[in-house]
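Read the structure below first, then the notes.
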Amino acid sequence: MDRSTLQQGAIFLTIFLVLAFLTILVPFIGMFTLFLLPIPFVFFTYKFGLKPAIYLALFSFFISFLLMGPFAIPLTVSFVIGGVVIGEMYRRKKHAFAVLLGGSLSFIGALLVNFVGSILVLDIHPIEELQSLLKESVELSEEILGAAVALQDAGAVETAYEFIDQLVYITPTLLIILGVGYAFIVQWLASLFLRRKKYEIELFPPLRTWTFPKAFIWYYLITYIFIIIGVEEGTAVYTVIANLTPILEIVMIIQGFAFMFFFFHYKKMHVIIPIVLMIFAFVVPILLHIVRILGIIDLGFDLRKRLNSKK
């Protein structure tokens with residue numbers, strides 16, 4: 001690497017280390033800096049290419065290890081590799097969804113490595129620890145609310161315990177959702193910074209144009225047939241169904257939101273209306289069920305194509 005590249009690498013590495021210390025030492029600020037950690041490596045990789053980025057990643061691991069000890073391993077695996085992958089995908093002018101796929105696989109892989117490492121090295125099972133924490137929270141809530149309210153909300157408490165027990169089965173889904181969600185936010189933030197610096201990158205198309213392959217509707221129906229029939233808990237089929245169900249429901253919700261944005265655009269109404277409705281849908285859960293049903297109908301019956309054909 002030439003002198004200019006080394007100087008830029010030192011600057012980006014310093015930014016990464018500052019963000020890392022803020023994330024670790026200042027919890028409230030760390031909630032935000034957590035999503036900024038891969039950004040320096042996205043920038044550096046986009047600007048200088050893959051080979052210098054790999055050298056910088058290795059050097060960042062070495063410096064982080066000197067400053068933080070063994071904690072540098074999950075830190076580097078979790079954030080540096082994903083940043084390099086997203087930056088390289090952007091540098092190669094890949095489509096936004098291809099960038100999201102690359103970033104998602106990187107972060108999911110990092111979560112999986114950290115998950116397995118936690119069990120093998122530290123003898124700590126993250127999901128079991130999470131279950132214990134959530135059960136303590138539910139028990140504390142019951143004590144605070146009192147016996148009368150606890151009896152009134154017995155159904156809600158039972159549902160909470162059932163969800164906590166299910167966590168051990170849906171671990172793959174949790175890793176996928178966390179990995180994809182984190183990759184999406186990092187990619188969005190990186191695109192804001194890169195565009196501000198006048199770099200040319202591929203952006204996501206408007207939400208109203210998003211659609212999933214029609215095969216997803218059949219996966220969804222088959223999954224719910226198994227749910228209606230009933231599958232014995234603890235079997236391999238039960239685990240597969242337990243993991244497919246939330247992923248497919250998220251797919252249908254995204255499809256529903258895409259149709260909602262399409263419909264208001266079709267009616268030439270202001271985009272703020274579907275945005276407000278989307279926010280309300282996350283605040284009022286019953287609305288999410290309606291959006292999910294809308295997504296199922298749109299995917300199954302090609303509502304957007306039918307509306308376009310009427311023009």
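Order determines the names: the first chain of the structure tokens is A, the second B, and so forth; residues in each chain are numbered 1 upward, and ligands are numbered 1 upward as they are shown.
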Neighbour list for Thr23 in chain A as an MDAnalysis selection string, cut-off 8 Å, only C-alpha atoms, skip fewer than 6 positions in-chain:
chainID A and resid 29:34
For the residues selected in the previous step, produce a file with N, CA and C atoms as a JSON list (two decimals), in the first residue's frame.
[["chain", "number", "residue", "atom", "x", "y", "z"],
["A", 29, "ILE", "N", -25.16, 5.72, 24.30],
["A", 29, "ILE", "CA", -24.60, 6.11, 23.00],
["A", 29, "ILE", "C", -24.26, 4.86, 22.18],
["A", 30, "GLY", "N", -23.86, 3.81, 22.88],
["A", 30, "GLY", "CA", -23.50, 2.57, 22.20],
["A", 30, "GLY", "C", -24.63, 1.95, 21.41],
["A", 31, "MET", "N", -25.89, 2.25, 21.80],
["A", 31, "MET", "CA", -27.04, 1.75, 21.05],
["A", 31, "MET", "C", -27.03, 2.29, 19.62],
["A", 32, "PHE", "N", -26.45, 3.47, 19.43],
["A", 32, "PHE", "CA", -26.40, 4.09, 18.10],
["A", 32, "PHE", "C", -25.08, 3.79, 17.40],
["A", 33, "THR", "N", -23.97, 3.88, 18.13],
["A", 33, "THR", "CA", -22.66, 3.64, 17.51],
["A", 33, "THR", "C", -22.49, 2.19, 17.08],
["A", 34, "LEU", "N", -23.29, 1.29, 17.68],
["A", 34, "LEU", "CA", -23.24, -0.11, 17.29],
["A", 34, "LEU", "C", -23.46, -0.28, 15.79]]
As JSON, numbers by chain, please: the residues near Gln187 in chain A (cut-off 8 Å, only C-alpha atoms, same-chain neighbours under 5 positions excluded).
{"A": [86, 99, 100, 103]}
With C-alpha atoms retained, could you export that selection as a PDB file, in the first residue's frame?
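Written out: selection29.pdb:
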ATOM      1  CA  ILE A  86     -20.572  -4.362   1.909  1.00  0.00           C
ATOM      2  CA  VAL A  99     -25.276  -5.839  -1.365  1.00  0.00           C
ATOM      3  CA  LEU A 100     -27.907  -6.661   1.272  1.00  0.00           C
ATOM      4  CA  GLY A 103     -23.905  -8.080   4.131  1.00  0.00           C
TER       5      GLY A 103
END
Determine, counting only C-alpha atoms, which protein, DNA and RNA residues have an atom within 10 Å of an atom of range 221-232 of chain A; residues of the same chain fewer than 6 positions away are not included. Present the result as a short mmCIF file (atom, residue, chain, number, x, y, z; two decimals) with C-alpha atoms, in the first residue's frame.
data_model
loop_
_atom_site.label_atom_id
_atom_site.label_comp_id
_atom_site.auth_asym_id
_atom_site.auth_seq_id
_atom_site.Cartn_x
_atom_site.Cartn_y
_atom_site.Cartn_z
CA TYR A 238 -41.42 -29.05 14.43
CA THR A 239 -38.14 -27.13 14.45
CA VAL A 240 -38.34 -26.47 10.70
CA ILE A 241 -41.95 -25.25 10.94
CA ALA A 242 -41.17 -23.11 14.00
CA LEU A 244 -40.20 -21.03 8.74
CA THR A 245 -43.37 -19.52 10.21
CA LEU A 248 -42.69 -16.28 6.03
CA ILE A 296 -50.98 -12.84 1.05
#
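Distances to Ser64 in chain A were evaluated for A:Phe41, A:Asn114, A:Thr14, A:Lys93 using only C-alpha atoms, and the minimum falls at A:Thr14.
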For range 178-182 of chain A, find every residue with an atom within 10 Å (counting only C-alpha atoms), except residues of its own chain fewer than 3 positions away, and show them as number ranges by chain.
A: 34-35, 100-112, 172-175, 185-188
Could you write those residues out with N, CA and C atoms, as an mmCIF file, in the first residue's frame?
data_model
loop_
_atom_site.group_PDB
_atom_site.id
_atom_site.type_symbol
_atom_site.label_atom_id
_atom_site.label_comp_id
_atom_site.auth_asym_id
_atom_site.auth_seq_id
_atom_site.Cartn_x
_atom_site.Cartn_y
_atom_site.Cartn_z
ATOM 1 N N LEU A 34 -23.286 1.292 17.677
ATOM 2 C CA LEU A 34 -23.235 -0.113 17.287
ATOM 3 C C LEU A 34 -23.463 -0.280 15.785
ATOM 4 N N PHE A 35 -24.341 0.552 15.218
ATOM 5 C CA PHE A 35 -24.664 0.448 13.793
ATOM 6 C C PHE A 35 -23.657 1.190 12.913
ATOM 7 N N LEU A 100 -27.216 -6.222 0.049
ATOM 8 C CA LEU A 100 -27.907 -6.661 1.272
ATOM 9 C C LEU A 100 -27.673 -8.147 1.516
ATOM 10 N N LEU A 101 -27.710 -8.942 0.467
ATOM 11 C CA LEU A 101 -27.475 -10.378 0.617
ATOM 12 C C LEU A 101 -26.068 -10.643 1.135
ATOM 13 N N GLY A 102 -25.069 -9.986 0.532
ATOM 14 C CA GLY A 102 -23.687 -10.173 0.976
ATOM 15 C C GLY A 102 -23.486 -9.736 2.413
ATOM 16 N N GLY A 103 -24.020 -8.563 2.757
ATOM 17 C CA GLY A 103 -23.905 -8.080 4.131
ATOM 18 C C GLY A 103 -24.626 -8.967 5.114
ATOM 19 N N SER A 104 -25.817 -9.428 4.746
ATOM 20 C CA SER A 104 -26.607 -10.304 5.629
ATOM 21 C C SER A 104 -25.878 -11.607 5.915
ATOM 22 N N LEU A 105 -25.333 -12.240 4.859
ATOM 23 C CA LEU A 105 -24.607 -13.493 5.047
ATOM 24 C C LEU A 105 -23.385 -13.289 5.945
ATOM 25 N N SER A 106 -22.728 -12.136 5.781
ATOM 26 C CA SER A 106 -21.547 -11.844 6.612
ATOM 27 C C SER A 106 -21.931 -11.715 8.077
ATOM 28 N N PHE A 107 -22.969 -10.934 8.344
ATOM 29 C CA PHE A 107 -23.361 -10.699 9.739
ATOM 30 C C PHE A 107 -24.005 -11.941 10.363
ATOM 31 N N ILE A 108 -24.765 -12.704 9.568
ATOM 32 C CA ILE A 108 -25.327 -13.954 10.087
ATOM 33 C C ILE A 108 -24.199 -14.927 10.424
ATOM 34 N N GLY A 109 -23.212 -15.018 9.525
ATOM 35 C CA GLY A 109 -22.050 -15.868 9.797
ATOM 36 C C GLY A 109 -21.319 -15.437 11.055
ATOM 37 N N ALA A 110 -21.172 -14.111 11.246
ATOM 38 C CA ALA A 110 -20.499 -13.597 12.441
ATOM 39 C C ALA A 110 -21.291 -13.950 13.699
ATOM 40 N N LEU A 111 -22.609 -13.809 13.636
ATOM 41 C CA LEU A 111 -23.452 -14.169 14.784
ATOM 42 C C LEU A 111 -23.323 -15.653 15.105
ATOM 43 N N LEU A 112 -23.275 -16.474 14.055
ATOM 44 C CA LEU A 112 -23.165 -17.917 14.256
ATOM 45 C C LEU A 112 -21.823 -18.283 14.888
ATOM 46 N N PRO A 172 -32.215 -20.357 14.862
ATOM 47 C CA PRO A 172 -31.796 -19.988 13.496
ATOM 48 C C PRO A 172 -32.536 -18.770 12.959
ATOM 49 N N THR A 173 -33.843 -18.693 13.232
ATOM 50 C CA THR A 173 -34.628 -17.547 12.772
ATOM 51 C C THR A 173 -34.157 -16.259 13.425
ATOM 52 N N LEU A 174 -33.859 -16.314 14.722
ATOM 53 C CA LEU A 174 -33.366 -15.130 15.430
ATOM 54 C C LEU A 174 -32.061 -14.641 14.813
ATOM 55 N N LEU A 175 -31.160 -15.582 14.498
ATOM 56 C CA LEU A 175 -29.881 -15.206 13.886
ATOM 57 C C LEU A 175 -30.100 -14.571 12.516
ATOM 58 N N ILE A 185 -29.741 -1.912 8.079
ATOM 59 C CA ILE A 185 -29.503 -0.611 8.709
ATOM 60 C C ILE A 185 -28.104 -0.096 8.365
ATOM 61 N N VAL A 186 -27.098 -0.976 8.439
ATOM 62 C CA VAL A 186 -25.727 -0.575 8.104
ATOM 63 C C VAL A 186 -25.639 -0.133 6.648
ATOM 64 N N GLN A 187 -26.279 -0.887 5.763
ATOM 65 C CA GLN A 187 -26.254 -0.535 4.343
ATOM 66 C C GLN A 187 -26.932 0.811 4.102
ATOM 67 N N TRP A 188 -28.044 1.042 4.778
ATOM 68 C CA TRP A 188 -28.751 2.319 4.625
ATOM 69 C C TRP A 188 -27.884 3.481 5.109
#
Residue with smallest distance to Phe59 in chain A - pool A:Phe262, A:Leu207, A:Tyr46, A:Val80, counting only C-alpha atoms
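Closest to Phe59 in chain A, using only C-alpha atoms: A:Val80.
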Using only C-alpha atoms, which protein or nucleic acid residues come within 12 Å of range 66-70 of chain A? Drop anything in the same chain fewer than 2 positions from it, and give the result as JSON, numbers by chain.
{"A": [17, 18, 20, 21, 24, 25, 59, 60, 61, 62, 63, 64, 72, 73, 74, 75, 76, 77, 117, 121, 122]}
Would you export the selected residues with N, CA and C atoms as a PDB file, in the first residue's frame, please?
ATOM      1  N   LEU A  17     -11.958   2.378  16.167  1.00  0.00           N
ATOM      2  CA  LEU A  17     -11.608   2.133  17.563  1.00  0.00           C
ATOM      3  C   LEU A  17     -12.377   3.074  18.507  1.00  0.00           C
ATOM      4  N   VAL A  18     -12.523   4.333  18.108  1.00  0.00           N
ATOM      5  CA  VAL A  18     -13.294   5.291  18.915  1.00  0.00           C
ATOM      6  C   VAL A  18     -14.748   4.821  19.032  1.00  0.00           C
ATOM      7  N   ALA A  20     -15.809   1.790  18.702  1.00  0.00           N
ATOM      8  CA  ALA A  20     -15.826   0.558  19.494  1.00  0.00           C
ATOM      9  C   ALA A  20     -15.813   0.861  20.992  1.00  0.00           C
ATOM     10  N   PHE A  21     -14.949   1.781  21.407  1.00  0.00           N
ATOM     11  CA  PHE A  21     -14.886   2.138  22.823  1.00  0.00           C
ATOM     12  C   PHE A  21     -16.172   2.808  23.295  1.00  0.00           C
ATOM     13  N   ILE A  24     -18.793   0.101  23.790  1.00  0.00           N
ATOM     14  CA  ILE A  24     -18.561  -0.753  24.959  1.00  0.00           C
ATOM     15  C   ILE A  24     -18.743   0.009  26.272  1.00  0.00           C
ATOM     16  N   LEU A  25     -18.245   1.244  26.319  1.00  0.00           N
ATOM     17  CA  LEU A  25     -18.155   1.974  27.586  1.00  0.00           C
ATOM     18  C   LEU A  25     -19.332   2.907  27.869  1.00  0.00           C
ATOM     19  N   PHE A  59      -4.875  -5.755  10.516  1.00  0.00           N
ATOM     20  CA  PHE A  59      -4.178  -4.813  11.399  1.00  0.00           C
ATOM     21  C   PHE A  59      -5.117  -4.332  12.507  1.00  0.00           C
ATOM     22  N   SER A  60      -6.390  -4.127  12.161  1.00  0.00           N
ATOM     23  CA  SER A  60      -7.358  -3.698  13.173  1.00  0.00           C
ATOM     24  C   SER A  60      -7.544  -4.772  14.245  1.00  0.00           C
ATOM     25  N   PHE A  61      -7.489  -6.039  13.814  1.00  0.00           N
ATOM     26  CA  PHE A  61      -7.579  -7.122  14.789  1.00  0.00           C
ATOM     27  C   PHE A  61      -6.378  -7.092  15.731  1.00  0.00           C
ATOM     28  N   PHE A  62      -5.196  -6.874  15.178  1.00  0.00           N
ATOM     29  CA  PHE A  62      -3.975  -6.841  15.984  1.00  0.00           C
ATOM     30  C   PHE A  62      -4.022  -5.695  17.000  1.00  0.00           C
ATOM     31  N   ILE A  63      -4.396  -4.500  16.536  1.00  0.00           N
ATOM     32  CA  ILE A  63      -4.464  -3.341  17.432  1.00  0.00           C
ATOM     33  C   ILE A  63      -5.563  -3.531  18.474  1.00  0.00           C
ATOM     34  N   SER A  64      -6.711  -4.032  18.025  1.00  0.00           N
ATOM     35  CA  SER A  64      -7.829  -4.255  18.953  1.00  0.00           C
ATOM     36  C   SER A  64      -7.455  -5.269  20.020  1.00  0.00           C
ATOM     37  N   ALA A  72     -11.371  -8.626  21.272  1.00  0.00           N
ATOM     38  CA  ALA A  72     -11.149  -8.163  19.902  1.00  0.00           C
ATOM     39  C   ALA A  72     -11.624  -9.190  18.869  1.00  0.00           C
ATOM     40  N   ILE A  73     -11.649 -10.464  19.246  1.00  0.00           N
ATOM     41  CA  ILE A  73     -12.036 -11.508  18.293  1.00  0.00           C
ATOM     42  C   ILE A  73     -13.494 -11.348  17.856  1.00  0.00           C
ATOM     43  N   PRO A  74     -14.469 -11.379  18.797  1.00  0.00           N
ATOM     44  CA  PRO A  74     -15.860 -11.181  18.345  1.00  0.00           C
ATOM     45  C   PRO A  74     -16.091  -9.803  17.741  1.00  0.00           C
ATOM     46  N   LEU A  75     -15.362  -8.788  18.225  1.00  0.00           N
ATOM     47  CA  LEU A  75     -15.532  -7.440  17.699  1.00  0.00           C
ATOM     48  C   LEU A  75     -15.146  -7.385  16.225  1.00  0.00           C
ATOM     49  N   THR A  76     -13.993  -7.956  15.892  1.00  0.00           N
ATOM     50  CA  THR A  76     -13.521  -7.940  14.512  1.00  0.00           C
ATOM     51  C   THR A  76     -14.407  -8.813  13.619  1.00  0.00           C
ATOM     52  N   VAL A  77     -14.722 -10.001  14.096  1.00  0.00           N
ATOM     53  CA  VAL A  77     -15.551 -10.919  13.312  1.00  0.00           C
ATOM     54  C   VAL A  77     -16.923 -10.309  13.040  1.00  0.00           C
ATOM     55  N   GLY A 117     -18.900 -19.978  19.503  1.00  0.00           N
ATOM     56  CA  GLY A 117     -17.746 -19.679  20.349  1.00  0.00           C
ATOM     57  C   GLY A 117     -18.130 -19.447  21.795  1.00  0.00           C
ATOM     58  N   VAL A 121     -16.217 -21.974  24.082  1.00  0.00           N
ATOM     59  CA  VAL A 121     -15.107 -21.336  24.795  1.00  0.00           C
ATOM     60  C   VAL A 121     -15.521 -20.863  26.189  1.00  0.00           C
ATOM     61  N   LEU A 122     -16.659 -20.185  26.259  1.00  0.00           N
ATOM     62  CA  LEU A 122     -17.091 -19.606  27.533  1.00  0.00           C
ATOM     63  C   LEU A 122     -18.069 -20.483  28.311  1.00  0.00           C
TER      64      LEU A 122
END
Find the residues near range 271-281 of chain A: any atom within 6 Å, counting only C-alpha atoms, skip ones fewer than 4 places away on the same chain, and give them as a ChimeraX atom specification.
/A:261,287-288
Residues as selected, C-alpha atoms, written as a PDB file, in the first residue's frame, can you do that?
ATOM      1  CA  PHE A 261     -47.400   1.958  -0.899  1.00  0.00           C
ATOM      2  CA  LEU A 287     -52.959  -3.777  11.956  1.00  0.00           C
ATOM      3  CA  LEU A 288     -49.923  -5.934  11.184  1.00  0.00           C
TER       4      LEU A 288
END
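One finds CA of Glu249 in chain A at 13.2 Å from CA of Pro285 in chain A.
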List the neighbours of Ile297 in chain A out to 12 Å using only C-alpha atoms; skip same-chain residues closer than 6 positions along the sequence, and give me the result as a PyMOL selection string.
chain A and resi 214+217+252-253+255-256+259-260+290-291+303-304+306
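Of note, CA of Val113 in chain A and CA of Ile177 in chain A are spaced 15.8 Å apart.
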